[in-house]
$ cat query.tsv   # TSV, C-alpha atoms
chain	number	residue	atom	x	y	z
H	1	MET	CA	111.91	97.26	37.63
H	2	THR	CA	115.47	98.48	38.18
H	3	ILE	CA	116.41	99.42	41.73
H	4	HIS	CA	118.66	102.48	41.84
H	5	TYR	CA	121.40	102.48	44.46
H	6	LEU	CA	123.34	105.61	45.37
H	7	ASP	CA	126.16	104.31	43.14
H	8	ASP	CA	123.85	104.35	40.09
H	9	LEU	CA	123.03	108.05	40.41
H	10	ALA	CA	124.92	111.06	39.06
H	11	PRO	CA	124.19	114.78	38.75
H	12	GLY	CA	122.33	115.65	35.57
H	13	GLN	CA	120.34	112.40	35.36
H	14	CYS	CA	116.65	112.99	34.72
H	15	PHE	CA	113.69	110.73	35.48
H	16	LYS	CA	110.00	110.96	34.66
H	17	GLY	CA	106.83	109.87	36.30
H	18	ASN	CA	105.02	106.90	34.75
H	19	THR	CA	101.59	108.17	35.66
H	20	ARG	CA	99.42	111.27	35.64
H	21	ALA	CA	97.09	112.10	38.49
H	22	ARG	CA	93.79	113.78	37.75
H	23	VAL	CA	92.75	116.20	40.48
H	24	GLU	CA	89.05	115.99	41.26
H	25	GLU	CA	87.15	118.85	42.86
H	26	ASN	CA	85.78	116.60	45.61
H	27	ALA	CA	89.31	115.37	46.42
H	28	ILE	CA	90.49	118.99	46.79
H	29	LYS	CA	87.62	119.68	49.21
H	30	ALA	CA	88.05	116.40	51.13
H	31	PHE	CA	91.78	116.96	51.69
H	32	ALA	CA	91.16	120.57	52.71
H	33	SER	CA	88.40	119.72	55.15
H	34	GLU	CA	90.75	117.36	56.97
H	35	PHE	CA	94.05	119.25	56.79
H	36	ASP	CA	93.63	122.80	55.47
H	37	PRO	CA	90.07	124.00	56.14
H	38	GLN	CA	90.30	127.45	54.60
H	39	PRO	CA	87.49	128.91	52.44
H	40	PHE	CA	89.52	129.08	49.19
H	41	HIS	CA	90.18	125.30	49.33
H	42	LEU	CA	86.63	124.35	50.37
H	43	ASP	CA	84.10	126.60	48.74
H	44	ASN	CA	83.85	127.74	45.11
H	45	GLU	CA	82.10	131.03	45.97
H	46	ALA	CA	84.54	131.98	48.72
H	47	ALA	CA	87.50	131.08	46.49
H	48	ARG	CA	86.28	133.57	43.87
H	49	GLU	CA	86.67	136.41	46.40
H	50	SER	CA	90.14	135.24	47.50
H	51	LEU	CA	93.68	135.72	46.20
H	52	PHE	CA	93.23	132.46	44.23
H	53	GLY	CA	90.26	133.69	42.13
H	54	SER	CA	88.73	130.20	42.05
H	55	LEU	CA	88.92	126.89	43.95
H	56	ALA	CA	92.55	125.84	44.48
H	57	ALA	CA	94.08	122.75	46.08
H	58	SER	CA	95.97	123.12	49.34
H	59	GLY	CA	99.72	123.23	48.70
H	60	TRP	CA	100.01	120.25	51.04
H	61	HIS	CA	97.57	118.34	48.87
H	62	THR	CA	99.75	119.12	45.85
H	63	ALA	CA	102.82	118.02	47.83
H	64	SER	CA	101.09	114.79	48.88
H	65	MET	CA	99.91	114.02	45.33
H	66	THR	CA	103.48	114.69	44.16
H	67	MET	CA	104.74	112.13	46.68
H	68	ARG	CA	102.35	109.57	45.23
H	69	LEU	CA	103.59	110.34	41.70
H	70	LEU	CA	107.17	109.86	42.96
H	71	VAL	CA	106.39	106.47	44.49
H	72	ASP	CA	104.97	105.43	41.11
H	73	CYS	CA	107.79	106.92	38.97
H	74	GLU	CA	110.61	105.18	37.07
H	75	LEU	CA	113.24	106.08	39.69
H	76	LYS	CA	113.11	103.23	42.23
H	77	LEU	CA	115.47	104.04	45.07
H	78	ALA	CA	117.08	101.34	47.21
H	79	GLY	CA	115.52	101.62	50.66
H	80	GLY	CA	112.51	103.60	49.40
H	81	ILE	CA	111.92	107.34	49.17
H	82	ILE	CA	113.01	108.76	52.51
H	83	GLY	CA	113.25	112.55	52.66
H	84	ALA	CA	116.00	114.02	54.81
H	85	GLY	CA	114.84	117.58	54.24
H	86	PHE	CA	114.14	120.27	51.70
H	87	ASP	CA	116.07	123.37	50.71
H	88	GLU	CA	113.20	124.71	48.67
H	89	LEU	CA	109.50	124.06	48.24
H	90	ARG	CA	107.20	126.38	46.36
H	91	TRP	CA	103.97	126.44	44.44
H	92	PRO	CA	104.32	128.78	41.43
H	93	LEU	CA	100.71	128.20	40.28
H	94	PRO	CA	97.60	126.88	42.01
H	95	VAL	CA	96.30	123.39	41.26
H	96	ARG	CA	92.71	123.51	39.97
H	97	PRO	CA	89.92	120.93	39.69
H	98	GLY	CA	90.46	118.87	36.52
H	99	ASP	CA	94.24	119.40	36.39
H	100	GLU	CA	96.35	116.39	35.46
H	101	LEU	CA	99.66	116.29	37.29
H	102	ARG	CA	102.91	114.51	36.50
H	103	VAL	CA	106.47	114.75	37.85
H	104	GLU	CA	109.95	115.23	36.45
H	105	LEU	CA	113.11	114.71	38.50
H	106	GLU	CA	116.69	115.85	38.11
H	107	VAL	CA	119.60	114.59	40.19
H	108	LEU	CA	121.56	117.63	41.44
H	109	GLU	CA	124.08	116.08	43.85
H	110	VAL	CA	125.15	112.61	45.07
H	111	ARG	CA	126.94	112.45	48.40
H	112	PRO	CA	128.07	109.18	50.09
H	113	SER	CA	127.85	109.37	53.88
H	114	LYS	CA	131.14	109.38	55.77
H	115	SER	CA	129.65	108.18	59.04
H	116	ARG	CA	127.33	105.55	57.50
H	117	PRO	CA	129.17	103.81	54.64
H	118	SER	CA	126.07	101.84	53.59
H	119	GLN	CA	124.14	104.96	52.56
H	120	GLY	CA	124.31	108.51	51.27
H	121	LEU	CA	122.26	111.52	50.24
H	122	VAL	CA	120.90	112.40	46.82
H	123	LYS	CA	119.75	115.96	46.19
H	124	LEU	CA	116.89	116.04	43.69
H	125	ARG	CA	114.85	118.74	42.04
H	126	THR	CA	111.27	117.56	41.67
H	127	THR	CA	108.96	119.53	39.39
H	128	THR	CA	105.24	118.85	39.38
H	129	LEU	CA	103.64	119.90	36.10
H	130	ASN	CA	100.02	120.32	35.03
H	131	GLN	CA	98.49	119.29	31.68
H	132	ASN	CA	99.74	122.56	30.12
H	133	ASP	CA	103.34	121.77	31.18
H	134	GLN	CA	103.25	124.58	33.75
H	135	ALA	CA	105.08	123.96	37.04
H	136	VAL	CA	102.68	123.87	39.98
H	137	GLN	CA	105.29	122.74	42.52
H	138	ILE	CA	109.08	122.89	42.58
H	139	SER	CA	111.06	121.28	45.35
H	140	VAL	CA	114.74	120.68	46.00
H	141	GLY	CA	115.26	118.05	48.65
H	142	SER	CA	117.67	115.41	49.84
H	143	LEU	CA	116.81	111.73	50.05
H	144	VAL	CA	118.57	108.98	52.00
H	145	VAL	CA	119.61	106.26	49.51
H	146	GLN	CA	121.32	102.91	50.15
H	147	ARG	CA	124.66	102.02	48.53
H	148	ARG	CA	125.15	98.77	46.62
H	149	PRO	CA	125.75	95.97	49.16
H	150	GLU	CA	129.21	95.18	47.70
H	151	HIS	CA	130.48	98.62	48.79
O	1	MET	CA	89.50	136.30	67.71
O	2	THR	CA	92.06	138.94	66.68
O	3	ILE	CA	92.95	139.13	63.00
O	4	HIS	CA	96.65	139.82	62.45
O	5	TYR	CA	97.52	142.11	59.57
O	6	LEU	CA	101.06	142.45	58.25
O	7	ASP	CA	101.34	145.68	60.26
O	8	ASP	CA	100.71	143.79	63.53
O	9	LEU	CA	103.66	141.43	63.05
O	10	ALA	CA	107.31	141.92	63.97
O	11	PRO	CA	110.38	139.67	64.11
O	12	GLY	CA	110.69	137.83	67.41
O	13	GLN	CA	106.96	137.45	68.04
O	14	CYS	CA	105.97	133.92	69.02
O	15	PHE	CA	102.62	132.19	68.73
O	16	LYS	CA	101.35	128.83	69.91
O	17	GLY	CA	98.83	126.33	68.71
O	18	ASN	CA	95.58	126.09	70.63
O	19	THR	CA	95.16	122.39	70.00
O	20	ARG	CA	97.02	119.11	70.04
O	21	ALA	CA	96.47	116.46	67.41
O	22	ARG	CA	96.67	112.81	68.37
O	23	VAL	CA	98.12	110.66	65.61
O	24	GLU	CA	96.27	107.36	65.25
O	25	GLU	CA	97.87	104.30	63.66
O	26	ASN	CA	94.97	103.87	61.25
O	27	ALA	CA	95.27	107.53	60.15
O	28	ILE	CA	98.99	106.98	59.41
O	29	LYS	CA	98.14	103.97	57.27
O	30	ALA	CA	95.17	105.63	55.54
O	31	PHE	CA	97.19	108.71	54.56
O	32	ALA	CA	100.06	106.52	53.37
O	33	SER	CA	97.88	104.24	51.30
O	34	GLU	CA	96.56	107.26	49.41
O	35	PHE	CA	99.69	109.42	49.11
O	36	ASP	CA	102.84	107.59	50.21
O	37	PRO	CA	102.33	103.83	49.85
O	38	GLN	CA	105.71	102.64	51.11
O	39	PRO	CA	106.04	99.63	53.45
O	40	PHE	CA	107.40	101.60	56.45
O	41	HIS	CA	104.28	103.82	56.47
O	42	LEU	CA	101.80	100.97	55.89
O	43	ASP	CA	102.91	97.83	57.63
O	44	ASN	CA	104.22	97.34	61.19
O	45	GLU	CA	106.34	94.30	60.29
O	46	ALA	CA	107.95	95.89	57.25
O	47	ALA	CA	108.63	99.09	59.21
O	48	ARG	CA	110.63	97.10	61.77
O	49	GLU	CA	113.08	96.06	59.02
O	50	SER	CA	113.38	99.61	57.67
O	51	LEU	CA	115.46	102.69	58.54
O	52	PHE	CA	112.54	103.80	60.77
O	53	GLY	CA	112.61	100.76	63.08
O	54	SER	CA	108.81	100.88	63.56
O	55	LEU	CA	105.74	102.34	61.86
O	56	ALA	CA	106.27	106.03	61.04
O	57	ALA	CA	103.97	108.63	59.50
O	58	SER	CA	104.77	109.97	56.03
O	59	GLY	CA	106.52	113.33	56.28
O	60	TRP	CA	103.72	114.74	54.11
O	61	HIS	CA	101.19	113.51	56.64
O	62	THR	CA	103.15	115.33	59.37
O	63	ALA	CA	103.25	118.44	57.15
O	64	SER	CA	99.50	118.21	56.51
O	65	MET	CA	98.68	117.71	60.21
O	66	THR	CA	100.92	120.72	60.94
O	67	MET	CA	98.88	122.79	58.48
O	68	ARG	CA	95.72	121.83	60.35
O	69	LEU	CA	97.31	122.86	63.66
O	70	LEU	CA	98.29	126.19	62.07
O	71	VAL	CA	94.74	126.87	60.85
O	72	ASP	CA	93.56	126.26	64.43
O	73	CYS	CA	96.32	128.30	66.15
O	74	GLU	CA	96.16	131.71	67.85
O	75	LEU	CA	97.80	133.52	64.91
O	76	LYS	CA	94.92	134.48	62.60
O	77	LEU	CA	96.34	136.05	59.47
O	78	ALA	CA	94.37	138.54	57.37
O	79	GLY	CA	93.57	136.78	54.09
O	80	GLY	CA	94.23	133.30	55.53
O	81	ILE	CA	97.37	131.18	55.57
O	82	ILE	CA	98.75	131.32	52.04
O	83	GLY	CA	102.24	129.88	51.61
O	84	ALA	CA	104.50	131.57	49.09
O	85	GLY	CA	107.27	129.03	49.55
O	86	PHE	CA	109.67	127.39	51.97
O	87	ASP	CA	113.39	127.85	52.53
O	88	GLU	CA	113.58	124.82	54.77
O	89	LEU	CA	111.45	121.82	55.63
O	90	ARG	CA	112.78	118.87	57.59
O	91	TRP	CA	111.68	116.04	59.83
O	92	PRO	CA	114.24	115.55	62.64
O	93	LEU	CA	112.30	112.63	64.18
O	94	PRO	CA	109.61	110.27	62.87
O	95	VAL	CA	106.00	110.68	64.00
O	96	ARG	CA	104.71	107.48	65.65
O	97	PRO	CA	101.24	106.12	66.40
O	98	GLY	CA	99.97	107.69	69.63
O	99	ASP	CA	102.05	110.87	69.30
O	100	GLU	CA	100.34	114.14	70.21
O	101	LEU	CA	101.46	117.04	68.05
O	102	ARG	CA	101.32	120.79	68.61
O	103	VAL	CA	102.91	123.80	66.89
O	104	GLU	CA	104.98	126.81	67.87
O	105	LEU	CA	105.64	129.74	65.55
O	106	GLU	CA	108.21	132.49	65.48
O	107	VAL	CA	108.09	135.52	63.19
O	108	LEU	CA	111.52	135.89	61.53
O	109	GLU	CA	110.93	138.66	58.99
O	110	VAL	CA	108.18	141.05	57.88
O	111	ARG	CA	108.44	142.52	54.40
O	112	PRO	CA	105.79	144.84	52.84
O	113	SER	CA	105.48	144.31	49.09
O	114	LYS	CA	106.67	147.15	46.86
O	115	SER	CA	104.61	146.11	43.85
O	116	ARG	CA	101.43	145.26	45.81
O	117	PRO	CA	100.94	147.86	48.57
O	118	SER	CA	97.97	145.97	50.06
O	119	GLN	CA	100.08	142.96	51.07
O	120	GLY	CA	103.47	141.65	52.09
O	121	LEU	CA	105.40	138.58	53.14
O	122	VAL	CA	105.98	137.21	56.62
O	123	LYS	CA	108.75	134.68	57.12
O	124	LEU	CA	107.88	132.22	59.90
O	125	ARG	CA	109.63	129.33	61.57
O	126	THR	CA	107.07	126.65	62.41
O	127	THR	CA	108.10	123.88	64.77
O	128	THR	CA	105.91	120.82	65.22
O	129	LEU	CA	106.52	119.14	68.59
O	130	ASN	CA	105.47	115.79	69.99
O	131	GLN	CA	104.25	115.06	73.54
O	132	ASN	CA	107.89	114.89	74.74
O	133	ASP	CA	108.60	118.39	73.36
O	134	GLN	CA	110.81	116.92	70.64
O	135	ALA	CA	110.69	118.61	67.23
O	136	VAL	CA	109.27	116.30	64.56
O	137	GLN	CA	109.10	118.96	61.84
O	138	ILE	CA	110.83	122.31	61.38
O	139	SER	CA	109.95	124.60	58.51
O	140	VAL	CA	110.89	128.13	57.53
O	141	GLY	CA	108.47	129.57	55.03
O	142	SER	CA	106.99	132.80	53.76
O	143	LEU	CA	103.31	133.61	53.88
O	144	VAL	CA	101.38	136.26	51.96
O	145	VAL	CA	99.64	138.53	54.50
O	146	GLN	CA	97.29	141.48	53.89
O	147	ARG	CA	98.07	144.97	55.21
O	148	ARG	CA	95.57	146.94	57.27
O	149	PRO	CA	93.03	148.53	54.89
O	150	GLU	CA	93.94	152.10	55.98
O	151	HIS	CA	97.45	151.68	54.57
$ encode --input "query.tsv" --output "structure tokens"
Amino acid sequence: MTIHYLDDLAPGQCFKGNTRARVEENAIKAFASEFDPQPFHLDNEAARESLFGSLAASGWHTASMTMRLLVDCELKLAGGIIGAGFDELRWPLPVRPGDELRVELEVLEVRPSKSRPSQGLVKLRTTTLNQNDQAVQISVGSLVVQRRPEH
Amino acid sequence: MTIHYLDDLAPGQCFKGNTRARVEENAIKAFASEFDPQPFHLDNEAARESLFGSLAASGWHTASMTMRLLVDCELKLAGGIIGAGFDELRWPLPVRPGDELRVELEVLEVRPSKSRPSQGLVKLRTTTLNQNDQAVQISVGSLVVQRRPEH
């Protein structure tokens, strides 16, 4: 496993997830009942009458599953994955029971910190894709990443 | 319970959560072990050595708890709370075991849809505060909201 320091990253680099996550109907309902108890995330009948047309995962469930895929992906950041904030987060398509999700990452910007010379910020676009290669979540966010100790 | 249609909303309106959510240490660790298994969200010792200084909730856990506080808040949107996307999402301070979270909302923009006359978008700033009235999450996002049927 290669640890990536800020100094190893450059705009245009792409990374992929090593795993796929299968989304089970009961996991959609369990997450929703704890964090997003709305009919279209909990009940198949009610979802049919809603904007979603059928049962859909909470966007926060999709975001949380994406985080798990990131932790397990080939990009291993020095200091861990620590989000400083997002400029964009959207869900172009709902996540459905039976979907299999994976992530793709692109480095957009690398910015050493002036005030904290041991770290910096990396801006990443993270795309979460389903088994049909359709994007179900797109985010652009900045992560705090450590510099190589010799710097 | 008053249902808010798009037509009832205007920039500058503020809404509050009706509930507070207490964040338990075991809930932080349970969420993290499923969705964000990094040492600073799982293990008190390891967190002490990290950027966080002590055990901190995953940002996605904070976002998910915020969603639950929104579902339970005084703003009841026609059609439910359906996020179209975020322009901003950040975590100014970590959430710690024992914190008690609540939400405050401000309507920033109301935009009827041209292509779908029965709905529109509402841009909201949602601030999640801890028991010391410090912001632990700030988001600016757009929700799909139904118009009054007579329109």
$ residues_near_point --input "query.tsv" --point "(104.5, 118.7, 36.4)" --cutoff "12 Å" --atoms "all atoms listed in the file" --output "NGL selection string"
:H and (16-22 or 62-63 or 65-66 or 69-70 or 91-93 or 95 or 99-105 or 125-139)
$ closest_residue --input "query.tsv" --among "H:Leu6, H:Ala84, H:Leu143, H:Val107" --to "chain O" --atoms "all atoms listed in the file"
H:Ala84
$ calpha_fit_and_write --input "query.tsv" --fixed "chain H" --moving "chain O" --output "mmCIF file with C-alpha atoms, in the coordinates of the input"
data_model
loop_
_atom_site.group_PDB
_atom_site.id
_atom_site.type_symbol
_atom_site.label_atom_id
_atom_site.label_comp_id
_atom_site.auth_asym_id
_atom_site.auth_seq_id
_atom_site.Cartn_x
_atom_site.Cartn_y
_atom_site.Cartn_z
ATOM 1 C CA MET O 1 111.923 97.228 37.614
ATOM 2 C CA THR O 2 115.493 98.457 38.191
ATOM 3 C CA ILE O 3 116.429 99.420 41.735
ATOM 4 C CA HIS O 4 118.679 102.485 41.845
ATOM 5 C CA TYR O 5 121.411 102.468 44.459
ATOM 6 C CA LEU O 6 123.360 105.592 45.372
ATOM 7 C CA ASP O 7 126.171 104.313 43.134
ATOM 8 C CA ASP O 8 123.860 104.346 40.082
ATOM 9 C CA LEU O 9 123.042 108.051 40.403
ATOM 10 C CA ALA O 10 124.936 111.059 39.073
ATOM 11 C CA PRO O 11 124.203 114.784 38.759
ATOM 12 C CA GLY O 12 122.333 115.638 35.574
ATOM 13 C CA GLN O 13 120.340 112.407 35.368
ATOM 14 C CA CYS O 14 116.642 112.979 34.734
ATOM 15 C CA PHE O 15 113.694 110.735 35.490
ATOM 16 C CA LYS O 16 110.009 110.968 34.676
ATOM 17 C CA GLY O 17 106.817 109.863 36.298
ATOM 18 C CA ASN O 18 105.019 106.917 34.752
ATOM 19 C CA THR O 19 101.580 108.182 35.667
ATOM 20 C CA ARG O 20 99.416 111.271 35.648
ATOM 21 C CA ALA O 21 97.077 112.098 38.491
ATOM 22 C CA ARG O 22 93.779 113.793 37.760
ATOM 23 C CA VAL O 23 92.752 116.211 40.488
ATOM 24 C CA GLU O 24 89.037 116.000 41.259
ATOM 25 C CA GLU O 25 87.133 118.868 42.871
ATOM 26 C CA ASN O 26 85.768 116.607 45.596
ATOM 27 C CA ALA O 27 89.302 115.367 46.413
ATOM 28 C CA ILE O 28 90.466 118.999 46.792
ATOM 29 C CA LYS O 29 87.624 119.680 49.204
ATOM 30 C CA ALA O 30 88.037 116.407 51.124
ATOM 31 C CA PHE O 31 91.767 116.956 51.679
ATOM 32 C CA ALA O 32 91.143 120.563 52.702
ATOM 33 C CA SER O 33 88.384 119.727 55.137
ATOM 34 C CA GLU O 34 90.738 117.360 56.952
ATOM 35 C CA PHE O 35 94.041 119.260 56.776
ATOM 36 C CA ASP O 36 93.618 122.810 55.473
ATOM 37 C CA PRO O 37 90.059 124.003 56.134
ATOM 38 C CA GLN O 38 90.292 127.472 54.606
ATOM 39 C CA PRO O 39 87.480 128.915 52.449
ATOM 40 C CA PHE O 40 89.513 129.085 49.198
ATOM 41 C CA HIS O 41 90.181 125.319 49.360
ATOM 42 C CA LEU O 42 86.626 124.360 50.386
ATOM 43 C CA ASP O 43 84.091 126.601 48.751
ATOM 44 C CA ASN O 44 83.833 127.753 45.113
ATOM 45 C CA GLU O 45 82.095 131.034 45.984
ATOM 46 C CA ALA O 46 84.528 131.997 48.725
ATOM 47 C CA ALA O 47 87.488 131.093 46.496
ATOM 48 C CA ARG O 48 86.279 133.582 43.877
ATOM 49 C CA GLU O 49 86.674 136.418 46.416
ATOM 50 C CA SER O 50 90.136 135.242 47.488
ATOM 51 C CA LEU O 51 93.697 135.721 46.201
ATOM 52 C CA PHE O 52 93.220 132.467 44.223
ATOM 53 C CA GLY O 53 90.273 133.691 42.125
ATOM 54 C CA SER O 54 88.716 130.190 42.042
ATOM 55 C CA LEU O 55 88.904 126.912 43.956
ATOM 56 C CA ALA O 56 92.533 125.847 44.469
ATOM 57 C CA ALA O 57 94.056 122.757 46.067
ATOM 58 C CA SER O 58 95.966 123.128 49.337
ATOM 59 C CA GLY O 59 99.704 123.231 48.682
ATOM 60 C CA TRP O 60 100.010 120.248 51.037
ATOM 61 C CA HIS O 61 97.563 118.337 48.875
ATOM 62 C CA THR O 62 99.745 119.130 45.839
ATOM 63 C CA ALA O 63 102.818 118.022 47.825
ATOM 64 C CA SER O 64 101.085 114.793 48.871
ATOM 65 C CA MET O 65 99.898 114.025 45.319
ATOM 66 C CA THR O 66 103.479 114.688 44.159
ATOM 67 C CA MET O 67 104.732 112.122 46.678
ATOM 68 C CA ARG O 68 102.330 109.572 45.219
ATOM 69 C CA LEU O 69 103.583 110.335 41.699
ATOM 70 C CA LEU O 70 107.161 109.881 42.953
ATOM 71 C CA VAL O 71 106.392 106.477 44.493
ATOM 72 C CA ASP O 72 104.966 105.441 41.105
ATOM 73 C CA CYS O 73 107.792 106.925 38.972
ATOM 74 C CA GLU O 74 110.611 105.193 37.076
ATOM 75 C CA LEU O 75 113.244 106.080 39.700
ATOM 76 C CA LYS O 76 113.127 103.230 42.233
ATOM 77 C CA LEU O 77 115.471 104.036 45.084
ATOM 78 C CA ALA O 78 117.094 101.328 47.211
ATOM 79 C CA GLY O 79 115.517 101.588 50.666
ATOM 80 C CA GLY O 80 112.517 103.591 49.399
ATOM 81 C CA ILE O 81 111.941 107.329 49.168
ATOM 82 C CA ILE O 82 113.025 108.745 52.516
ATOM 83 C CA GLY O 83 113.258 112.534 52.670
ATOM 84 C CA ALA O 84 116.003 114.003 54.819
ATOM 85 C CA GLY O 85 114.847 117.562 54.239
ATOM 86 C CA PHE O 86 114.137 120.268 51.694
ATOM 87 C CA ASP O 87 116.072 123.376 50.715
ATOM 88 C CA GLU O 88 113.193 124.708 48.673
ATOM 89 C CA LEU O 89 109.500 124.034 48.244
ATOM 90 C CA ARG O 90 107.207 126.375 46.354
ATOM 91 C CA TRP O 91 103.959 126.461 44.435
ATOM 92 C CA PRO O 92 104.310 128.787 41.409
ATOM 93 C CA LEU O 93 100.698 128.204 40.280
ATOM 94 C CA PRO O 94 97.572 126.893 42.020
ATOM 95 C CA VAL O 95 96.288 123.395 41.252
ATOM 96 C CA ARG O 96 92.689 123.509 39.964
ATOM 97 C CA PRO O 97 89.913 120.928 39.676
ATOM 98 C CA GLY O 98 90.445 118.891 36.501
ATOM 99 C CA ASP O 99 94.222 119.408 36.398
ATOM 100 C CA GLU O 100 96.340 116.395 35.459
ATOM 101 C CA LEU O 101 99.651 116.291 37.291
ATOM 102 C CA ARG O 102 102.904 114.506 36.502
ATOM 103 C CA VAL O 103 106.467 114.748 37.841
ATOM 104 C CA GLU O 104 109.950 115.241 36.451
ATOM 105 C CA LEU O 105 113.109 114.722 38.489
ATOM 106 C CA GLU O 106 116.681 115.848 38.105
ATOM 107 C CA VAL O 107 119.595 114.582 40.189
ATOM 108 C CA LEU O 108 121.560 117.616 41.449
ATOM 109 C CA GLU O 109 124.067 116.057 43.848
ATOM 110 C CA VAL O 110 125.165 112.624 45.081
ATOM 111 C CA ARG O 111 126.963 112.454 48.409
ATOM 112 C CA PRO O 112 128.087 109.172 50.083
ATOM 113 C CA SER O 113 127.874 109.373 53.871
ATOM 114 C CA LYS O 114 131.168 109.363 55.770
ATOM 115 C CA SER O 115 129.674 108.161 59.043
ATOM 116 C CA ARG O 116 127.353 105.539 57.490
ATOM 117 C CA PRO O 117 129.192 103.790 54.631
ATOM 118 C CA SER O 118 126.074 101.838 53.591
ATOM 119 C CA GLN O 119 124.158 104.969 52.566
ATOM 120 C CA GLY O 120 124.312 108.516 51.283
ATOM 121 C CA LEU O 121 122.262 111.510 50.241
ATOM 122 C CA VAL O 122 120.910 112.392 46.818
ATOM 123 C CA LYS O 123 119.759 115.943 46.197
ATOM 124 C CA LEU O 124 116.885 116.040 43.694
ATOM 125 C CA ARG O 125 114.854 118.752 42.044
ATOM 126 C CA THR O 126 111.269 117.554 41.658
ATOM 127 C CA THR O 127 108.967 119.521 39.392
ATOM 128 C CA THR O 128 105.238 118.846 39.379
ATOM 129 C CA LEU O 129 103.632 119.896 36.082
ATOM 130 C CA ASN O 130 100.026 120.308 35.026
ATOM 131 C CA GLN O 131 98.478 119.290 31.681
ATOM 132 C CA ASN O 132 99.745 122.556 30.118
ATOM 133 C CA ASP O 133 103.339 121.773 31.180
ATOM 134 C CA GLN O 134 103.243 124.577 33.743
ATOM 135 C CA ALA O 135 105.070 123.965 37.027
ATOM 136 C CA VAL O 136 102.671 123.866 39.979
ATOM 137 C CA GLN O 137 105.277 122.744 42.520
ATOM 138 C CA ILE O 138 109.072 122.881 42.571
ATOM 139 C CA SER O 139 111.059 121.290 45.360
ATOM 140 C CA VAL O 140 114.736 120.674 45.999
ATOM 141 C CA GLY O 141 115.266 118.042 48.639
ATOM 142 C CA SER O 142 117.675 115.398 49.842
ATOM 143 C CA LEU O 143 116.827 111.731 50.057
ATOM 144 C CA VAL O 144 118.592 108.978 51.990
ATOM 145 C CA VAL O 145 119.626 106.262 49.503
ATOM 146 C CA GLN O 146 121.345 102.913 50.161
ATOM 147 C CA ARG O 147 124.675 102.017 48.537
ATOM 148 C CA ARG O 148 125.167 98.779 46.626
ATOM 149 C CA PRO O 149 125.769 95.966 49.150
ATOM 150 C CA GLU O 150 129.250 95.167 47.736
ATOM 151 C CA HIS O 151 130.512 98.599 48.793
#
$ atom_distance --input "query.tsv" --atom1 "atom CA of H:Leu77" --atom2 "atom CA of H:Ile3"
5.8 Å
$ residues_around --input "query.tsv" --residues "O:Glu34" --least-positions-apart "3" --cutoff "9 Å" --atoms "only C-alpha atoms" --output "PyMOL selection string"
(chain H and resi 64-65+68) or (chain O and resi 29-31+37)
$ interface_residues --input "query.tsv" --of "chain O" --to "chain H" --cutoff "8 Å" --atoms "all atoms listed in the file" --output "PDB file with C-alpha atoms, in the frame of the given file"
ATOM      1  CA  GLU O  34      96.560 107.260  49.410  1.00  0.00           C
ATOM      2  CA  PHE O  35      99.690 109.420  49.110  1.00  0.00           C
ATOM      3  CA  ASP O  36     102.840 107.590  50.210  1.00  0.00           C
ATOM      4  CA  PRO O  37     102.330 103.830  49.850  1.00  0.00           C
ATOM      5  CA  GLN O  38     105.710 102.640  51.110  1.00  0.00           C
ATOM      6  CA  SER O  50     113.380  99.610  57.670  1.00  0.00           C
ATOM      7  CA  LEU O  51     115.460 102.690  58.540  1.00  0.00           C
ATOM      8  CA  GLY O  59     106.520 113.330  56.280  1.00  0.00           C
ATOM      9  CA  TRP O  60     103.720 114.740  54.110  1.00  0.00           C
ATOM     10  CA  HIS O  61     101.190 113.510  56.640  1.00  0.00           C
ATOM     11  CA  ALA O  63     103.250 118.440  57.150  1.00  0.00           C
ATOM     12  CA  SER O  64      99.500 118.210  56.510  1.00  0.00           C
ATOM     13  CA  MET O  65      98.680 117.710  60.210  1.00  0.00           C
ATOM     14  CA  MET O  67      98.880 122.790  58.480  1.00  0.00           C
ATOM     15  CA  ARG O  68      95.720 121.830  60.350  1.00  0.00           C
ATOM     16  CA  VAL O  71      94.740 126.870  60.850  1.00  0.00           C
ATOM     17  CA  GLY O  79      93.570 136.780  54.090  1.00  0.00           C
ATOM     18  CA  GLY O  80      94.230 133.300  55.530  1.00  0.00           C
ATOM     19  CA  GLY O  83     102.240 129.880  51.610  1.00  0.00           C
ATOM     20  CA  ALA O  84     104.500 131.570  49.090  1.00  0.00           C
ATOM     21  CA  GLY O  85     107.270 129.030  49.550  1.00  0.00           C
ATOM     22  CA  PHE O  86     109.670 127.390  51.970  1.00  0.00           C
ATOM     23  CA  ASP O  87     113.390 127.850  52.530  1.00  0.00           C
ATOM     24  CA  GLU O  88     113.580 124.820  54.770  1.00  0.00           C
ATOM     25  CA  LEU O  89     111.450 121.820  55.630  1.00  0.00           C
ATOM     26  CA  ARG O  90     112.780 118.870  57.590  1.00  0.00           C
ATOM     27  CA  TRP O  91     111.680 116.040  59.830  1.00  0.00           C
TER      28      TRP O  91
END
$ closest_residue --input "query.tsv" --among "O:Leu75, O:Met1, O:Leu9, O:Cys14" --to "O:Glu109" --atoms "all atoms listed in the file"
O:Leu9
$ closest_residue --input "query.tsv" --among "O:Arg96, O:Ala47, O:His4, O:His41" --to "O:Glu24" --atoms "all atoms listed in the file"
O:Arg96
$ atom_distance --input "query.tsv" --atom1 "atom CA of H:Ala78" --atom2 "atom CA of H:Arg147"
7.7 Å
$ atom_distance --input "query.tsv" --atom1 "atom CA of O:Lys114" --atom2 "atom CA of O:Pro11"
19.2 Å
$ closest_residue --input "query.tsv" --among "H:Leu55, H:Leu121, H:Val23, H:Val110" --to "H:Gly98" --atoms "only C-alpha atoms"
H:Val23
$ closest_residue --input "query.tsv" --among "O:Leu108, O:Glu49, O:Cys73, O:Pro97" --to "O:Ala27" --atoms "all atoms listed in the file"
O:Pro97
